[in-house]
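> Supplied structure: run-v1.txt, compact mmCIF, C-alpha atoms and all ligand atoms.
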# COMPACT_ATOMS: atom_id res chain seq x y z
CA MET X 14 128.28 98.72 87.77
CA ILE X 15 125.52 100.57 85.89
CA LYS X 16 122.76 101.97 88.10
CA ALA X 17 119.54 103.93 87.52
CA ARG X 18 119.89 106.96 89.77
CA ILE X 19 117.35 109.62 90.73
CA VAL X 20 119.02 112.95 89.94
CA GLY X 21 116.15 115.41 90.32
CA THR X 22 112.73 115.59 91.99
CA GLY X 23 109.72 117.89 91.73
CA SER X 24 106.14 118.04 92.92
CA TYR X 25 103.02 120.11 92.55
CA VAL X 26 99.62 120.31 94.24
CA PRO X 27 96.59 122.37 93.25
CA LYS X 28 96.04 125.51 95.32
CA LYS X 29 92.51 124.63 96.47
CA VAL X 30 92.47 123.15 99.99
CA VAL X 31 89.48 121.05 101.12
CA THR X 32 89.50 120.49 104.89
CA ASN X 33 87.69 117.80 106.86
CA HIS X 34 85.34 120.53 108.07
CA ASP X 35 84.49 121.34 104.44
CA ILE X 36 83.59 117.65 103.89
CA GLU X 37 81.43 117.65 107.05
CA LYS X 38 79.08 119.89 105.04
CA LEU X 39 78.78 117.30 102.23
CA VAL X 40 78.43 113.94 104.02
CA ASP X 41 77.75 112.55 107.50
CA THR X 42 81.31 112.57 108.84
CA SER X 43 83.50 114.48 111.29
CA ASP X 44 86.99 115.88 111.50
CA GLU X 45 87.56 113.62 114.57
CA TRP X 46 86.57 110.43 112.69
CA ILE X 47 88.72 111.23 109.66
CA MET X 48 91.76 112.25 111.75
CA GLU X 49 91.51 109.25 114.06
CA ARG X 50 90.93 106.62 111.36
CA THR X 51 93.18 108.02 108.61
CA GLY X 52 95.43 110.85 109.86
CA ILE X 53 94.11 113.14 107.10
CA LYS X 54 93.32 116.77 107.95
CA GLU X 55 92.98 118.27 104.49
CA ARG X 56 93.60 117.51 100.82
CA ARG X 57 94.11 119.46 97.58
CA VAL X 58 91.50 119.44 94.84
CA ALA X 59 92.11 120.48 91.22
CA GLU X 60 90.26 123.54 89.96
CA ARG X 61 87.64 123.17 87.23
CA GLY X 62 89.54 122.74 83.95
CA GLN X 63 92.79 121.78 85.69
CA THR X 64 93.70 118.24 84.64
CA THR X 65 96.12 115.49 85.68
CA SER X 66 98.50 116.49 82.88
CA ASP X 67 98.60 120.07 84.21
CA LEU X 68 99.73 118.80 87.61
CA ALA X 69 102.16 116.36 85.97
CA TYR X 70 103.62 119.17 83.84
CA GLU X 71 104.33 121.42 86.85
CA ALA X 72 105.98 118.60 88.83
CA SER X 73 108.02 117.50 85.78
CA HIS X 74 109.22 121.02 85.10
CA LYS X 75 110.62 121.23 88.64
CA ALA X 76 112.23 117.78 88.46
CA LEU X 77 113.92 118.59 85.15
CA LYS X 78 115.20 121.87 86.56
CA ALA X 79 116.57 120.09 89.65
CA ALA X 80 118.26 117.51 87.41
CA GLY X 81 119.69 120.22 85.16
CA ILE X 82 118.43 118.68 81.93
CA ALA X 83 116.11 119.92 79.20
CA PRO X 84 112.93 118.13 78.02
CA GLY X 85 114.69 117.51 74.70
CA ASP X 86 117.24 115.32 76.51
CA LEU X 87 114.60 112.83 77.66
CA ASP X 88 114.56 109.37 76.08
CA LEU X 89 111.44 108.14 77.88
CA ILE X 90 108.48 109.53 79.81
CA LEU X 91 106.66 107.15 82.14
CA VAL X 92 103.51 108.29 83.92
CA ALA X 93 102.02 106.30 86.79
CA THR X 94 98.34 107.21 86.99
CA THR X 95 94.83 105.80 87.21
CA THR X 96 93.22 109.14 86.45
CA PRO X 97 94.57 110.17 83.03
CA ASP X 98 93.03 113.13 81.18
CA THR X 99 91.60 110.71 78.61
CA ILE X 100 91.48 106.96 77.99
CA MET X 101 93.41 107.69 74.79
CA PRO X 102 95.95 109.19 74.25
CA SER X 103 97.93 108.15 77.31
CA LEU X 104 98.86 110.76 79.90
CA GLY X 105 102.49 110.10 78.96
CA CYS X 106 101.83 111.31 75.41
CA VAL X 107 99.86 114.35 76.59
CA LEU X 108 102.74 115.25 78.90
CA GLN X 109 105.34 114.65 76.18
CA GLU X 110 103.59 117.26 74.04
CA LYS X 111 103.18 119.75 76.91
CA LEU X 112 106.90 119.45 77.72
CA ARG X 113 107.84 119.44 74.01
CA ALA X 114 110.02 116.41 74.74
CA LYS X 115 110.09 115.44 71.08
CA LYS X 116 112.70 112.68 71.33
CA ALA X 117 111.02 110.80 74.20
CA ALA X 118 108.89 107.69 73.92
CA ALA X 119 105.96 107.91 76.34
CA PHE X 120 103.52 105.57 78.02
CA ASP X 121 101.52 105.06 81.22
CA VAL X 122 102.02 102.59 84.04
CA TYR X 123 98.69 101.49 85.40
CA ALA X 124 99.03 100.01 88.89
CA ALA X 125 96.96 102.35 91.11
CA CYS X 126 98.77 103.44 94.28
CA SER X 127 101.72 101.13 93.57
CA GLY X 128 102.23 102.75 90.15
CA PHE X 129 105.26 104.84 91.07
CA ILE X 130 107.28 101.85 92.30
CA TYR X 131 106.14 99.81 89.28
CA GLY X 132 107.40 102.74 87.16
CA LEU X 133 110.74 102.78 89.01
CA SER X 134 111.14 99.12 88.18
CA VAL X 135 110.39 99.75 84.47
CA ALA X 136 112.84 102.67 84.38
CA ASN X 137 115.48 100.57 86.13
CA ALA X 138 115.09 97.78 83.55
CA PHE X 139 115.37 100.19 80.59
CA ILE X 140 118.53 101.72 82.02
CA LYS X 141 120.15 98.44 83.01
CA SER X 142 119.48 97.01 79.55
CA ASP X 143 121.27 100.05 78.13
CA THR X 144 118.16 101.14 76.20
CA TYR X 145 117.81 104.66 77.64
CA THR X 146 119.91 107.23 79.54
CA ASN X 147 117.42 109.91 80.70
CA ILE X 148 113.98 108.93 81.96
CA LEU X 149 111.24 111.09 83.46
CA LEU X 150 108.96 109.16 85.84
CA VAL X 151 105.85 110.96 87.07
CA GLY X 152 103.09 109.95 89.48
CA ALA X 153 100.04 112.15 88.91
CA GLU X 154 96.39 111.94 89.89
CA THR X 155 93.15 113.90 90.06
CA LEU X 156 91.22 111.43 92.19
CA SER X 157 88.76 114.17 93.14
CA ARG X 158 87.12 113.58 89.73
CA PHE X 159 86.61 109.87 90.47
CA VAL X 160 85.40 109.90 94.07
CA ASP X 161 81.72 109.98 94.87
CA TRP X 162 81.30 113.14 96.92
CA GLU X 163 78.13 111.56 98.39
CA ASP X 164 80.00 108.46 99.67
CA ARG X 165 81.61 109.15 103.06
CA THR X 166 83.58 105.90 102.99
CA THR X 167 85.77 107.11 100.11
CA CYS X 168 85.45 110.88 99.54
CA VAL X 169 87.31 111.73 102.74
CA LEU X 170 90.38 109.74 101.73
CA PHE X 171 91.71 110.98 98.41
CA GLY X 172 93.42 114.10 97.07
CA ASP X 173 95.01 115.48 93.90
CA GLY X 174 98.72 116.06 93.18
CA ALA X 175 101.78 115.09 91.19
CA GLY X 176 105.39 114.15 91.85
CA ALA X 177 108.17 113.58 89.34
CA VAL X 178 111.72 112.24 89.26
CA VAL X 179 114.43 112.25 86.61
CA ILE X 180 116.27 108.94 86.49
CA GLN X 181 119.67 108.72 84.80
CA ARG X 182 122.15 106.06 83.84
CA HIS X 183 125.16 106.23 86.16
CA ALA X 184 128.21 104.15 86.85
CA GLY X 185 128.69 103.57 90.59
CA LYS X 186 126.97 102.31 93.70
CA ARG X 187 124.20 104.90 94.02
CA GLY X 188 120.77 104.31 92.51
CA ILE X 189 117.92 101.81 92.52
CA LEU X 190 119.15 98.67 94.29
CA SER X 191 115.99 96.60 93.89
CA ALA X 192 112.28 96.72 93.12
CA HIS X 193 109.86 93.96 94.07
CA LEU X 194 106.38 93.96 92.52
CA HIS X 195 103.31 91.86 93.34
CA SER X 196 99.70 91.63 92.18
CA ASP X 197 96.58 89.68 93.10
CA GLY X 198 93.78 90.14 90.57
CA ALA X 199 91.53 87.83 92.62
CA LEU X 200 91.14 90.70 95.10
CA GLY X 201 90.39 93.33 92.44
CA ASN X 202 86.88 93.74 93.82
CA LEU X 203 88.17 95.34 97.03
CA LEU X 204 88.98 98.57 95.23
CA TYR X 205 87.65 99.39 91.77
CA VAL X 206 85.71 101.69 89.45
CA PRO X 207 82.89 99.55 87.98
CA ALA X 208 82.08 101.46 84.78
CA GLY X 209 83.73 103.53 82.08
CA GLY X 210 85.77 100.68 80.57
CA ALA X 211 84.86 98.05 77.96
CA LEU X 212 82.86 96.02 80.52
CA HIS X 213 80.38 98.80 81.27
CA PRO X 214 80.75 101.65 78.79
CA PRO X 215 79.07 104.88 79.91
CA THR X 216 75.26 104.87 79.68
CA HIS X 217 72.53 106.81 81.46
CA ASP X 218 72.10 103.72 83.63
CA THR X 219 75.78 103.52 84.70
CA ILE X 220 75.73 107.20 85.54
CA HIS X 221 72.43 106.91 87.43
CA LYS X 222 73.85 104.00 89.45
CA ARG X 223 77.01 106.03 90.22
CA MET X 224 79.17 103.30 88.69
CA HIS X 225 81.88 105.70 87.48
CA TYR X 226 83.16 106.34 90.98
CA ILE X 227 85.74 104.55 93.16
CA LYS X 228 84.28 101.75 95.32
CA MET X 229 86.38 100.39 98.16
CA LYS X 230 85.93 97.79 100.88
CA GLY X 231 88.20 99.79 103.16
CA ASN X 232 88.42 97.52 106.15
CA GLU X 233 89.25 94.38 104.13
CA THR X 234 91.74 96.36 102.02
CA PHE X 235 93.40 97.61 105.20
CA LYS X 236 93.99 94.10 106.52
CA VAL X 237 95.43 92.79 103.24
CA ALA X 238 97.58 95.93 102.90
CA VAL X 239 99.35 95.57 106.23
CA ARG X 240 100.17 91.88 105.65
CA ALA X 241 101.30 92.39 102.04
CA LEU X 242 103.46 95.41 102.89
CA GLU X 243 105.18 93.55 105.72
CA ASP X 244 106.05 90.74 103.29
CA VAL X 245 107.27 92.97 100.45
CA VAL X 246 109.41 95.08 102.78
CA GLN X 247 110.95 91.92 104.24
CA GLU X 248 111.61 90.74 100.67
CA ALA X 249 113.52 93.95 99.88
CA LEU X 250 115.60 93.70 103.06
CA GLU X 251 116.48 90.04 102.55
CA HIS X 252 117.26 90.48 98.85
CA ASN X 253 119.74 93.25 99.65
CA LYS X 254 120.99 91.69 102.91
CA VAL X 255 120.05 94.89 104.73
CA LYS X 256 118.94 95.17 108.37
CA PRO X 257 116.03 97.51 109.24
CA GLU X 258 118.36 99.73 111.31
CA GLU X 259 120.41 100.43 108.17
CA ILE X 260 117.46 102.22 106.53
CA ASP X 261 117.88 105.99 106.75
CA LEU X 262 114.43 106.99 105.52
CA LEU X 263 111.13 105.22 104.89
CA VAL X 264 109.08 106.81 102.09
CA PRO X 265 105.73 105.01 102.20
CA HIS X 266 102.64 105.39 100.07
CA GLN X 267 100.30 107.64 102.04
CA ALA X 268 96.99 105.76 102.30
CA ASN X 269 96.40 105.69 106.03
CA MET X 270 98.43 106.94 109.01
CA ARG X 271 97.71 103.69 110.83
CA ILE X 272 99.25 101.65 107.99
CA ILE X 273 102.31 103.94 107.97
CA GLN X 274 102.70 103.57 111.75
CA ALA X 275 102.32 99.79 111.52
CA MET X 276 105.13 99.60 108.96
CA ALA X 277 107.41 101.89 111.01
CA LYS X 278 106.75 99.73 114.08
CA ARG X 279 107.47 96.54 112.13
CA LEU X 280 110.81 98.03 111.05
CA ASN X 281 111.45 99.40 114.54
CA MET X 282 111.89 102.86 113.02
CA PRO X 283 111.10 106.11 114.85
CA LEU X 284 108.61 108.30 112.98
CA GLU X 285 111.37 110.90 112.48
CA LYS X 286 112.80 108.48 109.90
CA VAL X 287 109.48 108.29 108.02
CA VAL X 288 108.25 110.85 105.47
CA ILE X 289 104.62 111.65 106.31
CA THR X 290 102.50 113.94 104.13
CA ILE X 291 99.09 112.33 104.53
CA GLU X 292 97.82 114.97 106.97
CA LYS X 293 97.91 117.72 104.35
CA TYR X 294 97.41 115.84 101.07
CA GLY X 295 95.40 112.67 101.85
CA ASN X 296 95.90 109.67 99.57
CA THR X 297 97.15 110.89 96.18
CA SER X 298 97.61 107.33 94.88
CA ALA X 299 100.55 107.01 92.44
CA ALA X 300 101.62 110.59 93.23
CA SER X 301 102.10 110.14 96.97
CA ILE X 302 105.61 108.63 97.00
CA PRO X 303 107.26 111.05 94.53
CA MET X 304 105.52 113.97 96.31
CA ALA X 305 106.86 112.76 99.67
CA LEU X 306 110.30 112.15 98.17
CA ASP X 307 110.44 115.66 96.74
CA GLU X 308 109.35 117.16 100.04
CA ALA X 309 112.09 115.25 101.88
CA VAL X 310 114.72 116.32 99.32
CA ARG X 311 113.75 119.98 99.50
CA ALA X 312 113.65 119.88 103.31
CA GLY X 313 117.24 118.58 103.31
CA ARG X 314 116.19 115.28 104.92
CA ILE X 315 118.12 113.13 102.42
CA LYS X 316 121.94 113.03 102.22
CA ASP X 317 124.11 111.48 99.53
CA HIS X 318 124.46 107.71 100.03
CA ASP X 319 121.41 107.48 102.36
CA LEU X 320 119.44 104.25 102.08
CA LEU X 321 115.75 104.78 101.27
CA LEU X 322 112.98 102.21 101.49
CA LEU X 323 109.86 102.85 99.39
CA GLU X 324 106.67 100.80 99.75
CA ALA X 325 103.15 100.98 98.32
CA PHE X 326 99.86 99.14 98.16
CA GLY X 327 96.84 99.78 95.95
CA GLY X 328 94.04 98.71 93.65
CA GLY X 329 94.54 95.65 91.46
CA LEU X 330 95.44 94.59 94.03
CA THR X 331 99.08 95.59 93.65
CA TRP X 332 101.91 96.11 96.10
CA ALA X 333 105.60 96.85 95.80
CA SER X 334 108.81 97.91 97.52
CA ALA X 335 112.06 99.47 96.34
CA LEU X 336 115.41 100.12 97.95
CA VAL X 337 117.34 103.15 96.73
CA ARG X 338 120.89 104.26 97.57
CA TRP X 339 120.62 108.07 97.22
N1 LIG U 1 82.86 109.25 108.60
C1 LIG U 1 82.22 108.64 109.64
N2 LIG U 1 81.99 107.32 109.67
C2 LIG U 1 82.44 106.58 108.64
C3 LIG U 1 83.11 107.15 107.54
C4 LIG U 1 83.31 108.54 107.55
N3 LIG U 1 83.96 109.19 106.56
N4 LIG U 1 83.44 106.16 106.67
C5 LIG U 1 82.99 105.03 107.19
N5 LIG U 1 82.38 105.26 108.38
C6 LIG U 1 81.76 104.30 109.29
C7 LIG U 1 81.37 103.03 108.61
O1 LIG U 1 80.12 103.14 107.97
C8 LIG U 1 81.36 102.05 109.76
O2 LIG U 1 80.15 102.22 110.45
P1 LIG U 1 79.38 100.94 111.11
O3 LIG U 1 80.35 100.39 112.11
O4 LIG U 1 78.17 101.55 111.68
O5 LIG U 1 79.15 100.01 109.94
C9 LIG U 1 82.49 102.55 110.67
O6 LIG U 1 82.72 103.92 110.27
C10 LIG U 1 83.78 101.77 110.53
O7 LIG U 1 84.08 101.60 109.15
P2 LIG U 1 85.37 100.81 108.68
O8 LIG U 1 85.39 100.76 107.19
O9 LIG U 1 85.46 99.52 109.42
O10 LIG U 1 86.53 101.79 109.21
P3 LIG U 1 88.08 101.57 109.21
O11 LIG U 1 88.60 101.76 110.56
O12 LIG U 1 88.48 100.33 108.48
O13 LIG U 1 88.59 102.83 108.34
C11 LIG U 1 89.40 103.26 106.13
C12 LIG U 1 88.19 102.97 107.01
C13 LIG U 1 90.00 104.59 106.58
C14 LIG U 1 88.96 103.35 104.68
C15 LIG U 1 90.49 102.17 106.29
O14 LIG U 1 89.85 100.90 106.23
C16 LIG U 1 91.59 102.20 105.26
O15 LIG U 1 92.40 103.10 105.23
N6 LIG U 1 91.69 101.15 104.40
C17 LIG U 1 92.82 100.97 103.50
C18 LIG U 1 92.74 101.85 102.31
C19 LIG U 1 93.89 101.53 101.35
O16 LIG U 1 95.00 101.27 101.76
N7 LIG U 1 93.62 101.49 100.06
C20 LIG U 1 94.62 101.10 99.09
C21 LIG U 1 95.27 102.26 98.46
S1 LIG U 1 94.14 103.31 97.60
C22 LIG U 1 94.34 103.08 95.88
O17 LIG U 1 94.92 102.16 95.41
C23 LIG U 1 93.66 104.09 94.96
How would this structure read if it were set down as structure tokens?


Amino acid sequence: MIKARIVGTGSYVPKKVVTNHDIEKLVDTSDEWIMERTGIKERRVAERGQTTSDLAYEASHKALKAAGIAPGDLDLILVATTTPDTIMPSLGCVLQEKLRAKKAAAFDVYAACSGFIYGLSVANAFIKSDTYTNILLVGAETLSRFVDWEDRTTCVLFGDGAGAVVIQRHAGKRGILSAHLHSDGALGNLLYVPAGGALHPPTHDTIHKRMHYIKMKGNETFKVAVRALEDVVQEALEHNKVKPEEIDLLVPHQANMRIIQAMAKRLNMPLEKVVITIEKYGNTSAASIPMALDEAVRAGRIKDHDLLLLEAFGGGLTWASALVRW
């Protein structure tokens, strides 16, 4: 049986740390509020001039090294991001050039925080259809450039970073077992950036009205997220005929500690079986799962043949789950 298997991981975060106490100086908030409501203590913020592709490049370099392949071996580069360097070209193409991966086709997957799992599903389909053998999938974001540092309801939440995986065609039982994707465009107004696209191109007015920044109805998003994640996790378990106790490690998107705890409780999993990075990195959107995965790999938390459950929820709205036999 042909499977798409993750054979190398890498991640990278900018050096600059912004703590909750630093943000207390910018907006009316407190370390206690942020910790209690989100579980975030600090986040990384890209330096001036450092872009999403720079973070993606560093993470990719490490993943390729771990996989033992050269950029020239890549058939496809997929980048999950909502904060590309430019609207055009895609971040995938910018990264392809930085890596000098001349043979690879490249494009972006645009599904906000669910982007990495959407990308896994795309990679899985390309491998199963025998189209490609070596795929680089990256989740990379510089959300610090798109949050309104005067809006306390969003600026405390997000951070910058990148995670990457190399996915290869393999015969055997290990690899991506399933990916389930969902969207609900009717709820797009819960989490969006109003301007900068074709609807509201940049003008003095859009800038003056701060329309180029992320807007989120956090509380409503939270409620939809918990329900949707419960459903999509159940879908993955039923599809694979797997019981929650068979899961070795939960690798969730890191949006809110309370959401992560709710999912662990639903699955009856102790927190030792959950990868949690939100305290130090905040919500890095499409980068959070591959960053958490890489951290778990490098900490020796994942053994061959372990069963991993990945889940994410984000703007769109979008949500997704994947089951991976390591
Ligand atoms: N500091 C202090 N007070 C604050 C802050 C802050 N940073 N932010 C909001 N508040 C206030 C609010 O104004 C409100 O005050 P009020 O009661 O006087 O009106 C009060 O705190 C409660 O606000 P809520 O929004 O109800 O707080 P909640 O407990 O829901 O937490 C949060 C907010 C953390 C945003 C939470 O709702 C959440 O995590 N939502 C889900 C986010 C998510 O999953 N997004 C999808 C992925 S992201 C992506 O796709 C890019």

> So that I can see what lies close to Ile100 (chain X), please list as an MDAnalysis selection string the residues with an atom at most 9 Å from it, counting only C-alpha atoms and leaving out residues fewer than 4 positions away in the same chain.

chainID X and resid 96 104 210

> Write the residues of the preceding selection, restricted to C-alpha atoms, as a PDB file, in the frame of the given file.


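Contents of selection23.pdb, freshly written:
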ATOM      1  CA  THR X  96      93.220 109.140  86.450  1.00  0.00           C
ATOM      2  CA  LEU X 104      98.860 110.760  79.900  1.00  0.00           C
ATOM      3  CA  GLY X 210      85.770 100.680  80.570  1.00  0.00           C
TER       4      GLY X 210
END

> Find the residues near region 63-78 of chain X: any atom within 7 Å, counting all atoms listed in the file, skip ones fewer than 5 places away on the same chain, and give them as a tab-separated table (two decimals) with C-alpha atoms, in the coordinates of the input.


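Below is the file around_10.tsv, written as the result:
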chain	number	residue	atom	x	y	z
X	21	GLY	CA	116.15	115.41	90.32
X	22	THR	CA	112.73	115.59	91.99
X	23	GLY	CA	109.72	117.89	91.73
X	24	SER	CA	106.14	118.04	92.92
X	25	TYR	CA	103.02	120.11	92.55
X	26	VAL	CA	99.62	120.31	94.24
X	83	ALA	CA	116.11	119.92	79.20
X	97	PRO	CA	94.57	110.17	83.03
X	98	ASP	CA	93.03	113.13	81.18
X	104	LEU	CA	98.86	110.76	79.90
X	107	VAL	CA	99.86	114.35	76.59
X	108	LEU	CA	102.74	115.25	78.90
X	111	LYS	CA	103.18	119.75	76.91
X	112	LEU	CA	106.90	119.45	77.72
X	151	VAL	CA	105.85	110.96	87.07
X	153	ALA	CA	100.04	112.15	88.91
X	154	GLU	CA	96.39	111.94	89.89
X	155	THR	CA	93.15	113.90	90.06
X	174	GLY	CA	98.72	116.06	93.18
X	175	ALA	CA	101.78	115.09	91.19
X	176	GLY	CA	105.39	114.15	91.85
X	177	ALA	CA	108.17	113.58	89.34
X	178	VAL	CA	111.72	112.24	89.26
X	179	VAL	CA	114.43	112.25	86.61

> For each of X:Gly209, X:Pro214, X:Gly329, X:Gly172, take the minimum atom-to-atom distance to Tyr226 (chain X), counting all atoms listed in the file, then give the residue where this is smallest.

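Between X:Gly209, X:Pro214, X:Gly329, X:Gly172, the residue approaching Tyr226 (chain X) most closely is X:Gly209.
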
> Do you have the CA of Val92 (chain X)-CA of Gly52 (chain X) distance handy?

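Between CA of Val92 (chain X) and CA of Gly52 (chain X) the gap works out to 27.3 Å.
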
> I'd like to know which of X:Pro102, X:Pro303, X:Gly313, X:Gly198 is closest to Pro265 (chain X), using all atoms listed in the file.

X:Pro303

> Please identify the residues whose atoms come within 6 Å of ligand LIG 1 (chain U), using all atoms listed in the file, and report them as a list in words.

Thr42, Ser43, Trp46, Arg50, Thr51, Ala125, Cys126, Arg165, Thr166, Val169, Gly231, Asn232, Thr234, Phe235, Ala268, Asn269, Ser298, Phe326, Gly327 and Gly328 of chain X

> Excluding same-chain residues fewer than 3 positions from region 16-18 of chain X, what lies within 12 Å of it counting all atoms listed in the file, as a ChimeraX atom specification?

/X:21-22,80,133-150,178-192,317-318,336-339

> From the options X:Gln109, X:Thr167, X:Asn253, X:Ser127, which residue's atoms come nearest to His266 (chain X), counting all atoms listed in the file?

X:Ser127

> Of the candidates X:Glu259, X:Asp307, X:Ala299, X:Glu163, which one gets nearest to Lys286 (chain X) if we count all atoms listed in the file?

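The answer is X:Glu259, which sits nearest to Lys286 (chain X).
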
> How many Å separate CA of Asn281 (chain X) from CA of Ala333 (chain X)?

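If I compute the distance from CA of Asn281 (chain X) to CA of Ala333 (chain X), I get 19.8 Å.
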
> Could you tell me how far CA of Val245 (chain X) lies from CA of Arg271 (chain X), in Å and to one decimal?

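Taking CA of Val245 (chain X) and CA of Arg271 (chain X), their separation equals 17.7 Å.
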
> List the neighbours of Leu242 (chain X) out to 12 Å using all atoms listed in the file; skip same-chain residues closer than 6 positions along the sequence, and give me the result as a PyMOL selection string.

chain X and resi 127+193-196+234-236+248-249+265-266+272-273+275-277+279-280+322-327+330-335

> Which residue is closest to Asp35 (chain X)? Choose from X:Cys168, X:Ala118, X:Pro283, X:Ala79 and count all atoms listed in the file.

X:Cys168

> Produce the centre coordinates and the three edge lengths, each in Å to one decimal, of the box along x, y and z that contains all listed atoms of region 293-304 of chain X with 3 Å added on each side, as lines of an AutoDock Vina configuration file.


center_x = 101.3
center_y = 112.4
center_z = 98.4
size_x = 17.9
size_y = 16.7
size_z = 17.9

> When you count only C-alpha atoms, which of these residues is closest to Ile130 (chain X): X:Ala117, X:Ile53, X:Val255, X:Leu91?

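Ranked by minimum distance to Ile130 (chain X), first place goes to X:Leu91.
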